[in-house]
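Peer 1: My structure is stored as entry.txt, with compact mmCIF, C-alpha atoms.
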```txt
# COMPACT_ATOMS: atom_id res chain seq x y z
CA MET A 1 -6.15 -106.69 -102.59
CA GLU A 2 -8.23 -104.67 -104.97
CA SER A 3 -10.91 -103.86 -102.42
CA ARG A 4 -8.33 -103.16 -99.74
CA ASN A 5 -6.76 -100.45 -101.90
CA LYS A 6 -10.12 -98.83 -102.46
CA PHE A 7 -10.86 -99.03 -98.78
CA VAL A 8 -7.55 -97.36 -97.90
CA LEU A 9 -8.19 -94.68 -100.52
CA LEU A 10 -11.63 -94.01 -99.14
CA VAL A 11 -10.48 -93.86 -95.52
CA LEU A 12 -7.55 -91.55 -96.33
CA SER A 13 -9.77 -89.33 -98.48
CA ILE A 14 -12.29 -88.99 -95.69
CA ILE A 15 -9.52 -88.27 -93.18
CA SER A 16 -8.08 -85.53 -95.38
CA ILE A 17 -11.50 -83.98 -95.98
CA ILE A 18 -12.15 -83.96 -92.25
CA LEU A 19 -8.70 -82.43 -91.71
CA ILE A 20 -9.44 -79.75 -94.30
CA GLY A 21 -12.66 -79.00 -92.45
CA ILE A 22 -11.01 -78.80 -89.05
CA THR A 23 -7.94 -76.84 -90.11
CA SER A 24 -10.01 -74.34 -92.10
CA PHE A 25 -11.36 -73.09 -88.81
CA ASN A 26 -8.46 -73.82 -86.54
CA ASP A 27 -4.99 -73.85 -88.00
CA SER A 28 -3.26 -74.28 -84.66
CA ILE A 29 -3.85 -78.03 -84.42
CA ILE A 30 -1.49 -78.71 -87.26
CA SER A 31 1.15 -76.06 -86.53
CA PRO A 32 3.32 -78.18 -84.18
CA LEU A 33 3.63 -80.75 -86.96
CA ARG A 34 4.33 -78.07 -89.56
CA GLN A 35 6.99 -76.58 -87.29
CA ALA A 36 8.65 -79.92 -86.65
CA VAL A 37 8.87 -80.62 -90.36
CA GLY A 38 10.02 -77.06 -91.03
CA ILE A 39 12.89 -77.44 -88.59
CA VAL A 40 14.01 -80.62 -90.33
CA LEU A 41 13.50 -79.26 -93.83
CA LEU A 42 15.21 -75.90 -93.42
CA PRO A 43 18.79 -77.22 -93.49
CA VAL A 44 17.87 -79.17 -96.63
CA GLN A 45 16.34 -76.06 -98.16
CA SER A 46 19.28 -73.88 -97.21
CA GLY A 47 21.73 -76.43 -98.54
CA VAL A 48 19.99 -76.99 -101.84
CA ASN A 49 19.40 -73.28 -102.13
CA THR A 50 23.02 -72.37 -101.49
CA ALA A 51 24.30 -75.06 -103.84
CA GLY A 52 21.86 -74.14 -106.58
CA ARG A 53 22.61 -70.50 -106.24
CA ALA A 54 26.34 -71.08 -106.23
CA ILE A 55 26.06 -72.92 -109.53
CA TYR A 56 23.78 -70.33 -110.99
CA ASP A 57 25.92 -67.46 -109.77
CA SER A 58 29.09 -68.83 -111.29
CA ILE A 59 27.38 -69.12 -114.67
CA GLU A 60 25.94 -65.69 -114.26
CA GLU A 61 29.22 -64.12 -113.30
CA GLN A 62 30.95 -65.41 -116.37
CA ARG A 63 28.35 -63.79 -118.49
CA LYS A 64 28.61 -60.38 -116.97
CA ILE A 65 31.57 -58.17 -116.39
CA HIS A 66 32.46 -58.28 -112.76
CA SER A 67 32.79 -54.59 -112.22
CA ALA A 68 29.37 -53.95 -113.73
CA ILE A 69 27.81 -56.30 -111.19
CA THR A 70 29.42 -54.69 -108.20
CA GLU A 71 28.60 -51.24 -109.47
CA ASN A 72 25.03 -52.29 -110.13
CA ILE A 73 24.64 -53.74 -106.65
CA GLU A 74 26.06 -50.59 -105.13
CA LEU A 75 23.79 -48.37 -107.16
CA ASN A 76 20.77 -50.49 -106.38
CA LYS A 77 21.59 -50.34 -102.73
CA LYS A 78 21.85 -46.60 -103.04
CA ILE A 79 18.49 -46.43 -104.82
CA ASP A 80 16.92 -48.53 -102.09
CA GLU A 81 18.45 -46.33 -99.47
CA LEU A 82 17.34 -43.18 -101.23
CA THR A 83 13.80 -44.42 -101.87
CA GLN A 84 13.55 -45.41 -98.26
CA GLU A 85 15.03 -42.11 -97.15
CA ASN A 86 12.74 -40.26 -99.52
CA THR A 87 9.63 -42.01 -98.24
CA ARG A 88 10.73 -41.37 -94.73
CA LEU A 89 11.23 -37.69 -95.44
CA MET A 90 7.97 -37.40 -97.35
CA ALA A 91 6.24 -39.30 -94.59
CA ASP A 92 7.73 -36.97 -92.04
CA SER A 93 6.80 -33.79 -93.80
CA GLY A 94 3.35 -34.99 -94.86
CA GLU A 95 2.59 -36.19 -91.38
CA LEU A 96 3.96 -33.06 -89.88
CA ALA A 97 1.78 -30.77 -91.90
CA ARG A 98 -1.37 -32.71 -91.16
CA LEU A 99 -0.85 -33.89 -87.66
CA ARG A 100 1.42 -31.35 -85.99
CA GLU A 101 -1.48 -29.96 -84.03
CA LEU A 102 -3.01 -33.31 -83.23
CA TYR A 103 -0.19 -35.49 -82.00
CA LYS A 104 3.44 -35.99 -82.32
CA LEU A 105 4.53 -38.85 -84.48
CA ASP A 106 7.96 -39.85 -83.41
CA GLU A 107 8.28 -43.01 -85.38
CA SER A 108 8.93 -43.64 -89.00
CA TYR A 109 9.81 -47.03 -90.24
CA SER A 110 13.51 -46.54 -90.54
CA ASP A 111 13.52 -46.33 -86.76
CA TYR A 112 12.05 -49.79 -86.28
CA THR A 113 14.43 -52.58 -85.40
CA LYS A 114 14.72 -54.97 -88.28
CA VAL A 115 16.10 -58.45 -88.82
CA GLY A 116 17.64 -59.32 -92.14
CA ALA A 117 16.75 -62.70 -93.62
CA ARG A 118 17.41 -64.71 -96.74
CA VAL A 119 14.69 -66.22 -98.87
CA VAL A 120 15.36 -69.96 -98.99
CA ALA A 121 12.24 -71.39 -100.62
CA LYS A 122 9.31 -70.26 -102.70
CA ASP A 123 6.07 -71.77 -103.77
CA SER A 124 6.82 -73.31 -107.13
CA THR A 125 3.35 -72.93 -108.61
CA LYS A 126 2.31 -69.53 -109.83
CA TRP A 127 -0.94 -69.80 -107.91
CA PHE A 128 0.47 -68.55 -104.64
CA SER A 129 3.04 -65.93 -103.72
CA THR A 130 4.48 -67.14 -100.48
CA PHE A 131 8.07 -67.77 -99.53
CA THR A 132 10.15 -69.11 -96.66
CA ILE A 133 12.91 -67.17 -94.93
CA ASP A 134 15.76 -68.55 -92.85
CA LYS A 135 14.94 -66.71 -89.61
CA GLY A 136 12.34 -67.83 -87.09
CA SER A 137 11.14 -67.44 -83.53
CA ASP A 138 14.73 -67.87 -82.32
CA ASP A 139 15.56 -64.58 -84.01
CA GLY A 140 12.55 -62.85 -82.51
CA ILE A 141 10.22 -63.22 -85.46
CA ALA A 142 6.50 -63.66 -84.80
CA VAL A 143 3.34 -64.04 -86.85
CA ASP A 144 1.97 -60.77 -88.34
CA MET A 145 5.31 -59.01 -88.43
CA ASN A 146 5.76 -56.81 -91.50
CA VAL A 147 8.34 -57.73 -94.10
CA ILE A 148 10.00 -54.96 -96.12
CA GLY A 149 12.88 -54.55 -98.49
CA TYR A 150 13.91 -53.04 -101.81
CA GLY A 151 12.39 -49.75 -100.68
CA GLY A 152 8.90 -50.91 -99.86
CA LEU A 153 6.46 -53.31 -98.29
CA ILE A 154 6.88 -56.94 -99.32
CA GLY A 155 4.47 -58.91 -97.14
CA ILE A 156 3.59 -60.28 -93.77
CA VAL A 157 4.72 -63.26 -91.71
CA THR A 158 1.99 -65.91 -91.64
CA ASP A 159 3.71 -68.83 -90.01
CA VAL A 160 6.71 -69.12 -87.70
CA GLY A 161 8.88 -72.04 -86.71
CA LYS A 162 12.02 -72.21 -84.62
CA ASN A 163 14.38 -71.42 -87.46
CA TYR A 164 12.14 -70.45 -90.36
CA ALA A 165 9.15 -68.29 -91.16
CA THR A 166 6.66 -68.19 -94.00
CA VAL A 167 5.88 -64.86 -95.59
CA ARG A 168 2.87 -64.06 -97.76
CA SER A 169 3.68 -61.28 -100.21
CA ILE A 170 1.20 -58.49 -100.85
CA ILE A 171 0.80 -59.69 -104.45
CA ASP A 172 -0.76 -62.98 -103.31
CA ASP A 173 -4.36 -63.26 -104.41
CA ILE A 174 -5.72 -63.30 -100.87
CA SER A 175 -3.61 -60.41 -99.58
CA ARG A 176 -5.40 -57.26 -98.44
CA VAL A 177 -3.60 -54.24 -97.06
CA SER A 178 -5.28 -51.22 -95.56
CA ALA A 179 -3.50 -48.23 -97.06
CA MET A 180 -3.65 -44.47 -97.53
CA SER A 181 -2.39 -41.73 -99.75
CA LEU A 182 0.73 -40.28 -98.21
CA ARG A 183 -0.10 -36.75 -99.38
CA THR A 184 -3.64 -36.47 -98.10
CA GLY A 185 -4.15 -39.39 -95.77
CA SER A 186 -7.21 -40.63 -97.69
CA LEU A 187 -7.81 -44.25 -96.87
CA CYS A 188 -7.92 -47.04 -99.44
CA ARG A 189 -7.23 -50.73 -99.75
CA VAL A 190 -4.54 -52.55 -101.73
CA ASP A 191 -5.52 -56.02 -102.89
CA GLY A 192 -3.19 -58.59 -104.37
CA ASN A 193 -4.57 -60.01 -107.59
CA LEU A 194 -3.03 -62.72 -109.69
CA GLU A 195 -4.57 -61.46 -112.92
CA GLN A 196 -3.43 -57.88 -112.40
CA TYR A 197 0.02 -58.82 -111.14
CA ASN A 198 0.68 -60.33 -114.52
CA GLU A 199 0.60 -56.74 -115.74
CA GLY A 200 2.84 -55.74 -112.84
CA ARG A 201 0.22 -54.07 -110.73
CA LEU A 202 -2.01 -54.52 -107.72
CA ILE A 203 -5.58 -53.34 -107.20
CA LEU A 204 -6.27 -50.11 -105.38
CA LYS A 205 -9.83 -49.85 -104.20
CA ASP A 206 -12.29 -48.41 -101.70
CA VAL A 207 -11.09 -44.87 -102.28
CA LYS A 208 -13.94 -42.51 -101.36
CA SER A 209 -15.15 -40.74 -104.49
CA ASP A 210 -14.54 -37.31 -102.97
CA ALA A 211 -11.12 -38.26 -101.60
CA ASP A 212 -8.15 -36.40 -102.97
CA VAL A 213 -6.01 -39.14 -104.48
CA ASN A 214 -4.19 -38.32 -107.69
CA GLU A 215 -2.38 -40.23 -110.36
CA GLY A 216 1.10 -41.12 -109.11
CA ASP A 217 0.40 -40.46 -105.45
CA MET A 218 2.52 -42.44 -103.04
CA ILE A 219 0.42 -45.10 -101.35
CA VAL A 220 1.62 -46.19 -97.91
CA THR A 221 0.26 -48.51 -95.22
CA SER A 222 -2.39 -46.78 -93.18
CA ASN A 223 -2.63 -45.82 -89.54
CA VAL A 224 -5.84 -47.78 -89.11
CA SER A 225 -4.51 -51.09 -90.41
CA THR A 226 -4.74 -53.87 -87.84
CA LYS A 227 -1.59 -55.68 -88.88
CA TYR A 228 0.59 -53.30 -90.89
CA LEU A 229 2.68 -50.58 -89.30
CA PRO A 230 1.91 -47.11 -90.68
CA ASN A 231 3.78 -45.26 -93.42
CA ILE A 232 5.51 -48.11 -95.21
CA LEU A 233 5.66 -47.37 -98.92
CA ILE A 234 3.69 -49.81 -101.09
CA GLY A 235 3.63 -48.12 -104.47
CA TYR A 236 2.07 -45.47 -106.67
CA ALA A 237 -1.58 -44.93 -107.61
CA ARG A 238 -2.55 -45.32 -111.26
CA ASP A 239 -5.73 -45.08 -113.39
CA LEU A 240 -8.25 -44.23 -110.70
CA LYS A 241 -11.84 -44.36 -111.95
CA ASP A 242 -15.25 -44.04 -110.36
CA ASP A 243 -16.93 -47.33 -109.50
CA SER A 244 -20.40 -48.07 -110.77
CA SER A 245 -21.81 -47.24 -107.35
CA ARG A 246 -20.28 -43.70 -107.59
CA LEU A 247 -19.45 -43.91 -103.92
CA THR A 248 -15.95 -45.19 -104.32
CA LYS A 249 -13.10 -45.04 -106.78
CA SER A 250 -10.75 -47.82 -107.72
CA GLY A 251 -7.70 -48.27 -109.87
CA TYR A 252 -4.29 -49.84 -109.84
CA LEU A 253 -1.18 -49.63 -107.78
CA ILE A 254 2.30 -49.99 -109.22
CA PRO A 255 4.43 -51.55 -106.48
CA VAL A 256 7.91 -50.22 -105.76
CA VAL A 257 9.22 -53.70 -105.08
CA ASN A 258 10.02 -56.05 -107.94
CA PHE A 259 8.58 -59.27 -106.56
CA ASP A 260 10.13 -61.50 -109.20
CA ASN A 261 13.57 -61.62 -107.70
CA ILE A 262 13.46 -61.15 -103.98
CA SER A 263 16.40 -62.80 -102.28
CA GLU A 264 16.90 -60.84 -99.06
CA VAL A 265 14.27 -59.18 -96.93
CA LEU A 266 14.01 -57.23 -93.69
CA VAL A 267 11.52 -58.22 -91.02
CA ILE A 268 10.37 -55.44 -88.69
CA THR A 269 10.38 -57.01 -85.25
CA LYS A 270 7.72 -54.71 -83.92
CA LEU A 271 4.11 -55.75 -84.00
CA LYS A 272 1.38 -53.23 -84.51
CA GLU A 273 -0.34 -52.70 -81.20
CA VAL A 274 -4.05 -52.38 -81.58
CA SER A 275 -6.16 -51.40 -78.62
CA ASP A 276 -9.28 -53.45 -78.11
CA GLN A 277 -11.59 -50.49 -78.34
CA MET B 1 11.54 -102.25 -99.34
CA ARG B 2 14.79 -100.69 -100.45
CA ARG B 3 12.95 -99.36 -103.46
CA ILE B 4 10.41 -97.57 -101.30
CA ILE B 5 13.11 -95.95 -99.17
CA VAL B 6 15.07 -94.77 -102.21
CA ASN B 7 11.91 -93.47 -103.85
CA ILE B 8 10.89 -91.56 -100.72
CA ALA B 9 14.36 -90.04 -100.52
CA PHE B 10 13.98 -89.07 -104.15
CA ILE B 11 10.62 -87.42 -103.44
CA ILE B 12 12.09 -85.34 -100.63
CA PHE B 13 14.96 -84.29 -102.85
CA ALA B 14 12.58 -83.38 -105.67
CA PHE B 15 10.46 -81.39 -103.23
CA ALA B 16 13.52 -79.44 -102.09
CA LEU B 17 14.47 -78.78 -105.72
CA GLN B 18 10.96 -77.69 -106.53
CA ILE B 19 10.69 -75.07 -103.81
CA CYS B 20 14.35 -74.00 -103.49
CA ILE B 21 15.79 -73.98 -106.97
CA PHE B 22 13.23 -73.66 -109.73
CA PRO B 23 11.39 -70.59 -108.42
CA PHE B 24 14.70 -68.72 -108.28
CA ILE B 25 15.72 -69.33 -111.87
CA PRO B 26 14.72 -66.06 -113.48
CA PHE B 27 14.38 -67.21 -117.08
CA LEU B 28 11.99 -70.06 -116.25
CA TYR B 29 8.51 -68.68 -116.75
CA ALA B 30 6.92 -71.62 -114.94
CA SER B 31 8.50 -74.31 -112.85
CA PRO B 32 7.96 -78.01 -113.44
CA ASN B 33 5.85 -79.90 -110.95
CA LEU B 34 8.31 -82.63 -110.03
CA LEU B 35 6.07 -84.15 -107.37
CA ILE B 36 3.36 -84.77 -109.95
CA ILE B 37 5.90 -86.40 -112.27
CA LEU B 38 7.08 -88.69 -109.49
CA THR B 39 3.58 -89.60 -108.28
CA PHE B 40 2.27 -90.41 -111.72
CA THR B 41 5.37 -92.31 -112.85
CA TYR B 42 5.43 -94.42 -109.71
CA GLY B 43 1.69 -95.04 -109.79
CA PHE B 44 1.72 -95.81 -113.47
CA SER B 45 4.68 -98.17 -113.41
CA LEU B 46 4.43 -99.72 -109.97
CA GLY B 47 0.69 -100.04 -109.37
CA VAL B 48 -2.08 -98.71 -107.17
CA GLU B 49 -0.53 -99.47 -103.83
CA GLU B 50 2.77 -97.69 -104.35
CA GLY B 51 1.07 -94.92 -106.31
CA MET B 52 -1.02 -94.20 -103.26
CA ILE B 53 1.94 -94.36 -100.86
CA TYR B 54 4.01 -91.90 -102.88
CA GLY B 55 0.99 -89.71 -103.60
CA LEU B 56 0.29 -89.56 -99.89
CA ILE B 57 3.88 -88.57 -99.10
CA CYS B 58 3.97 -85.88 -101.81
CA GLY B 59 0.63 -84.54 -100.63
CA ILE B 60 1.65 -84.37 -96.99
CA LEU B 61 4.89 -82.59 -97.91
CA MET B 62 2.96 -80.00 -99.94
CA ASP B 63 0.38 -79.56 -97.20
CA LEU B 64 3.07 -79.04 -94.62
CA TYR B 65 4.79 -76.46 -96.76
CA VAL B 66 1.81 -74.50 -98.05
CA ALA B 67 -0.01 -72.56 -95.35
CA GLY B 68 -3.77 -72.90 -95.10
CA PRO B 69 -6.07 -75.83 -94.48
CA PHE B 70 -4.22 -79.10 -94.08
CA GLY B 71 -5.32 -82.04 -96.22
CA PHE B 72 -5.97 -80.26 -99.50
CA PHE B 73 -2.88 -81.52 -101.32
CA THR B 74 -2.92 -84.88 -99.52
CA PHE B 75 -6.35 -85.55 -100.96
CA LEU B 76 -5.31 -84.41 -104.42
CA PHE B 77 -2.05 -86.36 -104.68
CA LEU B 78 -3.64 -89.45 -103.16
CA TRP B 79 -6.18 -89.53 -105.95
CA ILE B 80 -3.60 -88.85 -108.65
CA GLY B 81 -1.55 -91.77 -107.31
CA PHE B 82 -4.61 -94.01 -107.17
CA ILE B 83 -5.94 -93.20 -110.64
CA ASN B 84 -2.51 -93.62 -112.24
CA GLY B 85 -2.06 -96.88 -110.35
CA LYS B 86 -5.32 -98.10 -111.86
CA LEU B 87 -3.93 -97.28 -115.30
CA SER B 88 -0.87 -99.44 -114.72
CA THR B 89 -2.59 -102.38 -116.42
CA TYR B 90 -1.95 -100.49 -119.66
CA PHE B 91 1.69 -99.93 -118.82
CA TYR B 92 4.27 -100.82 -121.46
CA GLU B 93 7.73 -99.52 -121.04
CA GLU B 94 8.36 -98.60 -124.67
CA TYR B 95 5.10 -96.84 -125.10
CA ILE B 96 5.51 -93.10 -124.46
CA VAL B 97 2.20 -91.65 -125.68
CA LEU B 98 0.10 -92.90 -122.80
CA PRO B 99 2.40 -91.61 -120.03
CA VAL B 100 2.53 -88.23 -121.76
CA ALA B 101 -1.27 -88.17 -121.89
CA VAL B 102 -1.49 -89.35 -118.30
CA CYS B 103 0.92 -86.66 -117.16
CA THR B 104 -1.03 -83.95 -118.95
CA VAL B 105 -4.29 -85.10 -117.42
CA SER B 106 -2.73 -85.30 -113.94
CA GLU B 107 -1.28 -81.81 -114.27
CA VAL B 108 -4.50 -80.29 -115.56
CA MET B 109 -6.43 -82.06 -112.83
CA TYR B 110 -4.03 -80.74 -110.20
CA ASN B 111 -4.24 -77.15 -111.41
CA VAL B 112 -7.99 -77.15 -112.00
CA PHE B 113 -8.45 -78.52 -108.50
CA ILE B 114 -6.39 -75.65 -107.08
CA TYR B 115 -8.26 -73.17 -109.26
CA ILE B 116 -11.70 -74.36 -108.19
CA PHE B 117 -11.02 -74.62 -104.49
CA LYS B 118 -8.67 -71.69 -103.98
CA PHE B 119 -9.80 -69.18 -106.62
CA MET B 120 -13.21 -69.85 -108.09
CA ILE B 121 -14.53 -70.26 -104.58
CA ARG B 122 -13.58 -66.60 -104.05
CA ASP B 123 -15.50 -65.41 -107.15
CA LYS B 124 -12.54 -65.37 -109.54
CA PHE B 125 -14.15 -66.58 -112.71
CA ASN B 126 -11.71 -65.57 -115.44
CA ILE B 127 -10.63 -69.13 -116.16
CA VAL B 128 -9.17 -68.24 -119.56
CA PHE B 129 -6.60 -66.02 -117.92
CA TYR B 130 -5.56 -68.71 -115.44
CA LEU B 131 -5.41 -71.28 -118.21
CA GLU B 132 -3.20 -69.14 -120.42
CA ASN B 133 -0.90 -67.78 -117.78
CA ILE B 134 -0.55 -70.49 -115.21
CA ILE B 135 -1.95 -73.85 -116.17
CA ILE B 136 -0.69 -74.22 -119.74
CA PRO B 137 2.89 -73.00 -119.08
CA GLU B 138 3.15 -75.34 -116.12
CA VAL B 139 1.75 -78.29 -118.06
CA VAL B 140 4.19 -77.68 -120.91
CA ILE B 141 7.28 -77.42 -118.75
CA THR B 142 6.21 -80.41 -116.67
CA LEU B 143 5.79 -82.40 -119.89
CA ILE B 144 9.29 -81.48 -121.00
CA PHE B 145 10.67 -82.62 -117.67
CA THR B 146 8.56 -85.78 -117.88
CA LEU B 147 10.18 -86.72 -121.17
CA ILE B 148 13.59 -86.31 -119.55
CA LEU B 149 12.81 -87.92 -116.19
CA TYR B 150 10.40 -90.71 -117.10
CA ARG B 151 12.97 -93.05 -118.67
CA PHE B 152 15.42 -92.42 -115.86
CA LEU B 153 12.85 -93.16 -113.16
CA LEU B 154 11.80 -96.40 -114.87
CA TRP B 155 15.40 -97.42 -115.34
CA TYR B 156 16.47 -96.99 -111.75
CA ASN B 157 13.29 -98.55 -110.40
CA LYS B 158 14.06 -101.61 -112.52
CA LYS B 159 17.58 -101.62 -111.08
CA LEU B 160 16.18 -101.41 -107.59
CA ARG B 161 13.73 -104.21 -108.25
CA VAL B 162 16.59 -106.45 -109.36
CA LEU B 163 18.58 -105.50 -106.25
CA ASP B 164 15.56 -106.12 -104.00
CA SER B 165 14.80 -109.54 -105.41
CA ARG B 166 18.46 -110.49 -105.07
CA GLY B 167 18.28 -109.45 -101.44
CA ILE B 168 15.31 -111.74 -100.87
CA ASN B 169 16.85 -114.72 -102.62
CA ARG B 170 20.00 -114.54 -100.60
```
Before we go any further, please render this structure as structure tokens.

Peer 2:
Amino acid sequence: MESRNKFVLLVLSIISIILIGITSFNDSIISPLRQAVGIVLLPVQSGVNTAGRAIYDSIEEQRKIHSAITENIELNKKIDELTQENTRLMADSGELARLRELYKLDESYSDYTKVGARVVAKDSTKWFSTFTIDKGSDDGIAVDMNVIGYGGLIGIVTDVGKNYATVRSIIDDISRVSAMSLRTGSLCRVDGNLEQYNEGRLILKDVKSDADVNEGDMIVTSNVSTKYLPNILIGYARDLKDDSSRLTKSGYLIPVVNFDNISEVLVITKLKEVSDQ
Amino acid sequence: MRRIIVNIAFIIFAFALQICIFPFIPFLYASPNLLIILTFTYGFSLGVEEGMIYGLICGILMDLYVAGPFGFFTFLFLWIGFINGKLSTYFYEEYIVLPVAVCTVSEVMYNVFIYIFKFMIRDKFNIVFYLENIIIPEVVITLIFTLILYRFLLWYNKKLRVLDSRGINR
């Protein structure tokens, strides 16, 4: 009995270590299983989520005056719209000035087709910033699609099932986004960082030391990014300082999105096309 | 047998709660790790074998939900179930200090394991920050939930045991 338990423990441990090894290199082996479970779990998640939210909402609504809520929602929506509109306009004019001679940019991200989705589950530990949405491959969502909302970039789809998708937000510790200053087009990189996000910011790095990036500049996704569509607002530059190497500058980025209470998102159903050259 | 089915159902429900409800409650700074509570309570009160079964199920659920290499959480929960099962020789129902200590150790073990293999491995060495901001809040809230849930879990498992033995006798 005793030795059998130890034997089982040992065998299972070895199996899981082998699985970790295999799936570190090739995630696709496990994805059919993940998808199957996701399909089964999503109704449960949606149900629990809806029930929980209904309870929470009713408590919440008693606390607040109803009209204030509706007004707030309306105003927020307007702010979102205006920020989005503003970025679009700034993107348009900035692009236009720089690139009019070179090529015509006829896309800005409000032109992309988007799918709205609800966030149904989140990682409960604070270690990771990933969440599940209630739309999947059936709704045309695929891995690497960009997720936006609340006026800016939220994250990227990392995993897709029939009726659900997993999104990794840009504040996750392993997230890296190739970005640029909207005003000058100087390239940089936005890294998610758990320590910095506690202060409400992300890391902005790899800015060339002679690049013209100022305090408060709008930082958007770059043209050269392999996965992110260009000109999606991420946030504003802050506290740029020279690195010890003197070749690059780094600082912080204040995101436009408040990641603490994301409940609805938009998924852009257009993948960035990258030529193989 | 009935006990195992009910407990598995309970684990799935707790898992749903953990990823669908707690993260959305804005005033909760950290969310309790219900799966740890279940694994350690079951292991601690029911023995090695069931500790390992429930640990395995919790781990697989977590692995299936969290993207990335598969097997990480399975390994972790399996060991938490096993170690707590080993401790069941010291199990007395009235005695609350040991389970509280066991829960704390399990939680710290769980979080340190995540820290080492998902963060330190990528050169993130500021362990004090992670301790203060993630590990300790989570341990505290999990402990609070343990104090609430522990008695309930023991009580209904006792009920189920009585039901099960009646079923066999019949």

Peer 1: Skipping near chain neighbours, those fewer than 3 positions away, what residues fall within 6 Å of region 142-158 of chain A using all atoms listed in the file, listed as a list of chain:residue names?

Peer 2: A:Asp80, A:Thr83, A:Gln84, A:Thr166, A:Val167, A:Arg168, A:Ser169, A:Ile170, A:Leu233, A:Ile234, A:Val257, A:Val265, A:Leu266, A:Val267, A:Ile268, A:Leu271

Peer 1: If the cut-off is 6 Å, can you tell me the residues of chain A near chain B, counting only C-alpha atoms? I'd like them as a ChimeraX atom specification.

Peer 2: /A:13,16,19-20,23-24,34,45,49,121-124

Peer 1: Would you compute the distance between CA of Glu74 (chain A) and CA of Ile55 (chain A)? Give it in Å to one decimal.

Peer 2: 22.8 Å

Peer 1: Residues near region 102-110 of chain B, anyone? I mean within 10 Å using all atoms listed in the file, not counting same-chain ones fewer than 3 positions away, as an mmCIF file with C-alpha atoms, in the coordinates of the input.

Peer 2:
```cif
data_model
loop_
_atom_site.group_PDB
_atom_site.id
_atom_site.type_symbol
_atom_site.label_atom_id
_atom_site.label_comp_id
_atom_site.auth_asym_id
_atom_site.auth_seq_id
_atom_site.Cartn_x
_atom_site.Cartn_y
_atom_site.Cartn_z
ATOM 1 C CA ASN B 33 5.850 -79.900 -110.950
ATOM 2 C CA ILE B 36 3.360 -84.770 -109.950
ATOM 3 C CA ILE B 37 5.900 -86.400 -112.270
ATOM 4 C CA THR B 39 3.580 -89.600 -108.280
ATOM 5 C CA PHE B 40 2.270 -90.410 -111.720
ATOM 6 C CA THR B 41 5.370 -92.310 -112.850
ATOM 7 C CA PHE B 44 1.720 -95.810 -113.470
ATOM 8 C CA PHE B 73 -2.880 -81.520 -101.320
ATOM 9 C CA LEU B 76 -5.310 -84.410 -104.420
ATOM 10 C CA PHE B 77 -2.050 -86.360 -104.680
ATOM 11 C CA TRP B 79 -6.180 -89.530 -105.950
ATOM 12 C CA ILE B 80 -3.600 -88.850 -108.650
ATOM 13 C CA GLY B 81 -1.550 -91.770 -107.310
ATOM 14 C CA ILE B 83 -5.940 -93.200 -110.640
ATOM 15 C CA ASN B 84 -2.510 -93.620 -112.240
ATOM 16 C CA LEU B 87 -3.930 -97.280 -115.300
ATOM 17 C CA VAL B 97 2.200 -91.650 -125.680
ATOM 18 C CA LEU B 98 0.100 -92.900 -122.800
ATOM 19 C CA PRO B 99 2.400 -91.610 -120.030
ATOM 20 C CA PHE B 113 -8.450 -78.520 -108.500
ATOM 21 C CA ILE B 114 -6.390 -75.650 -107.080
ATOM 22 C CA TYR B 115 -8.260 -73.170 -109.260
ATOM 23 C CA LEU B 131 -5.410 -71.280 -118.210
ATOM 24 C CA ILE B 135 -1.950 -73.850 -116.170
ATOM 25 C CA ILE B 136 -0.690 -74.220 -119.740
ATOM 26 C CA GLU B 138 3.150 -75.340 -116.120
ATOM 27 C CA VAL B 139 1.750 -78.290 -118.060
ATOM 28 C CA VAL B 140 4.190 -77.680 -120.910
ATOM 29 C CA THR B 142 6.210 -80.410 -116.670
ATOM 30 C CA LEU B 143 5.790 -82.400 -119.890
ATOM 31 C CA THR B 146 8.560 -85.780 -117.880
#
```

Peer 1: Mind giving me the straight-line distance from CA of Asp206 (chain A) to CA of Leu247 (chain A) in Å, one decimal?

Peer 2: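 Result for CA of Asp206 (chain A) versus CA of Leu247 (chain A): 8.7 Å, one decimal.
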
Peer 1: Provide the CA of Asp164 (chain B) to CA of Arg2 (chain B) distance in Å, to one decimal place.

Peer 2: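 A separation of 6.5 Å between them.
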
Peer 1: So, with only C-alpha atoms as the atoms that count, which of A:Val220, A:Glu199, A:Asn193, A:Leu89 lies closest to Ile232 (chain A)?

Peer 2: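 Among A:Val220, A:Glu199, A:Asn193, A:Leu89, it is A:Val220 that comes nearest to Ile232 (chain A).
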
Peer 1: Out of A:Ile171, A:Ala51, A:Cys188, A:Val177, which residue has the shortest atom-to-atom distance to Arg201 (chain A) when counting all atoms listed in the file?

Peer 2: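 Ranked by minimum distance to Arg201 (chain A), first place goes to A:Ile171.
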
Peer 1: Please identify all polymer residues within 10 Å of Gln196 (chain A), counting all atoms listed in the file, omitting same-chain residues fewer than 5 positions from it, and present them as a PDB file with C-alpha atoms, keeping the file's coordinate frame.

Peer 2:
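Listing of part.pdb after writing:
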```
ATOM      1  CA  ILE A 171       0.800 -59.690-104.450  1.00  0.00           C
ATOM      2  CA  ASP A 173      -4.360 -63.260-104.410  1.00  0.00           C
ATOM      3  CA  ASP A 191      -5.520 -56.020-102.890  1.00  0.00           C
ATOM      4  CA  ARG A 201       0.220 -54.070-110.730  1.00  0.00           C
ATOM      5  CA  LEU A 202      -2.010 -54.520-107.720  1.00  0.00           C
ATOM      6  CA  ILE A 203      -5.580 -53.340-107.200  1.00  0.00           C
ATOM      7  CA  TYR A 252      -4.290 -49.840-109.840  1.00  0.00           C
ATOM      8  CA  LEU A 253      -1.180 -49.630-107.780  1.00  0.00           C
TER       9      LEU A 253
END
```
